[in-house]
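Asks: Structure below; questions to follow.
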Amino acid sequence: ELMPFFELPVSSDIRGHVAALSGSVAGAKVRTGGIVPELYPSPEAVSEFLLACIRADVPFKATAGLHHALCSRNEQVEADEFGFLNIFLGAALARACRLDHEELAEVLQERSSDAFVFEETSVSWRQHEIGIEEIVQSRTEGAISYGSCAFDEPLSDLRHLGLII
């Protein structure tokens, strides 16, 4: 079984593109980085992409620049990179807690590991909390995958955060 993902431009209103995928066996893809700063979309643009996918019940994946768990600065490119946890937890929180555009953009820009509280059966950010069921649902029906050209950096970040051994 193959599931196609269509990369959508987030520089303009993508709701129509996402709506066209609704009900199909395809998903949406967002590119979150590149080799020059101009290839990095704004947190607001990624927030709009995620919310459009959530509202249209379209699964998505994110690729490029997701080397670290949390938002960080890439000095080589001189751009802020999204963290893969920011993307996944942002999508799950937006879905379960109905975050608005501004709140989701804040999650996407969160740099402090202290801002996220990981418990055995839940994760919280500020006053919003989601349980395992919501995380599983978001990962199986929404935030399907992410791509990174790095393998060791994501694992190292997760170890540093105490999320894996």
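Labeling convention for the structure tokens: chains A, B, ... as they appear, residues from 1 per chain, ligands from 1 in order of appearance.
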Compile the contact shell of Ala150 in chain A as a PyMOL selection string: residues with an atom at most 12 Å away, counting only C-alpha atoms, same-chain residues fewer than 6 positions apart removed.

Replies: chain A and resi 63-69+84+156-157

Asks: Contacts of Glu119 in chain A at 12 Å or less, counting only C-alpha atoms, minus same-chain residues fewer than 6 places along, as a PyMOL selection string?

Replies: chain A and resi 125+129-132+162-163

Asks: How far is it from CA of Leu8 in chain A to CA of Asp100 in chain A, in Å with one decimal?

Replies: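 About the pair CA of Leu8 in chain A and CA of Asp100 in chain A: they are 21.1 Å apart.
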
Asks: Smallest atom-to-atom distance to Ala28 in chain A: which of A:Cys149, A:Ile87, A:Ile144, A:Val107, using only C-alpha atoms?

Replies: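 Under the stated criterion, the closest residue is A:Ile144.
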
Asks: List every residue of chain A that DSSP, applied to the backbone of this structure, assigns to alpha helix (DSSP H), and report them as a ChimeraX atom specification.

Replies: /A:15-21,43-56,84-97,101-109,132-141,152-160

Asks: Would you list the contacts of range 43-53 of chain A as a ChimeraX atom specification, taking every protein, DNA or RNA residue within 10 Å and counting only C-alpha atoms, but skipping same-chain residues closer than 2 positions in sequence?

Replies: /A:8-19,21-22,27-32,40-41,55-62,80-82,87-88,90-92,94-95,98-109,142-143

Asks: Can you check which residues of chain A DSSP gives as strand (DSSP E) on the backbone and send them as a VMD selection string?

Replies: chain A and resid 5 to 7 27 to 31 60 to 63 72 to 74 79 to 81 116 to 118 122 to 125 128 to 131 143 to 147

Asks: As an exercise, work out the distance from CA of Ser145 in chain A to CA of Leu85 in chain A in Å and give it to one decimal place.

Replies: 11.5 Å

Asks: Return the single residue from A:Ala115, A:Glu134, A:Phe5, A:Ala20 that is closest to Leu161 in chain A, with distances computed using only C-alpha atoms.

Replies: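 Answer, going by the shortest atom-to-atom distance: A:Ala115.
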
Asks: Extract, using only C-alpha atoms, all DNA, RNA and protein residues at most 7 Å from Ala79 in chain A, discarding same-chain residues fewer than 5 positions from it, and format them as a ChimeraX atom specification.

Replies: /A:37,73-74

Asks: Would you write out those residues with N, CA and C atoms, as a PDB file, in the first residue's frame?

Replies:
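Output saved as selection-v2.pdb:
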```
ATOM      1  N   PRO A  37      17.514  30.700   3.816  1.00  0.00           N
ATOM      2  CA  PRO A  37      16.467  31.145   4.747  1.00  0.00           C
ATOM      3  C   PRO A  37      15.090  31.278   4.106  1.00  0.00           C
ATOM      4  N   ARG A  73      17.907  27.428  16.343  1.00  0.00           N
ATOM      5  CA  ARG A  73      18.516  28.281  15.322  1.00  0.00           C
ATOM      6  C   ARG A  73      19.527  27.475  14.521  1.00  0.00           C
ATOM      7  N   ASN A  74      19.415  27.522  13.207  1.00  0.00           N
ATOM      8  CA  ASN A  74      20.409  26.934  12.317  1.00  0.00           C
ATOM      9  C   ASN A  74      21.318  28.069  11.871  1.00  0.00           C
TER      10      ASN A  74
END
```

Asks: In Å, how far is it from CA of Glu38 in chain A to CA of Arg111 in chain A?

Replies: 21.1 Å
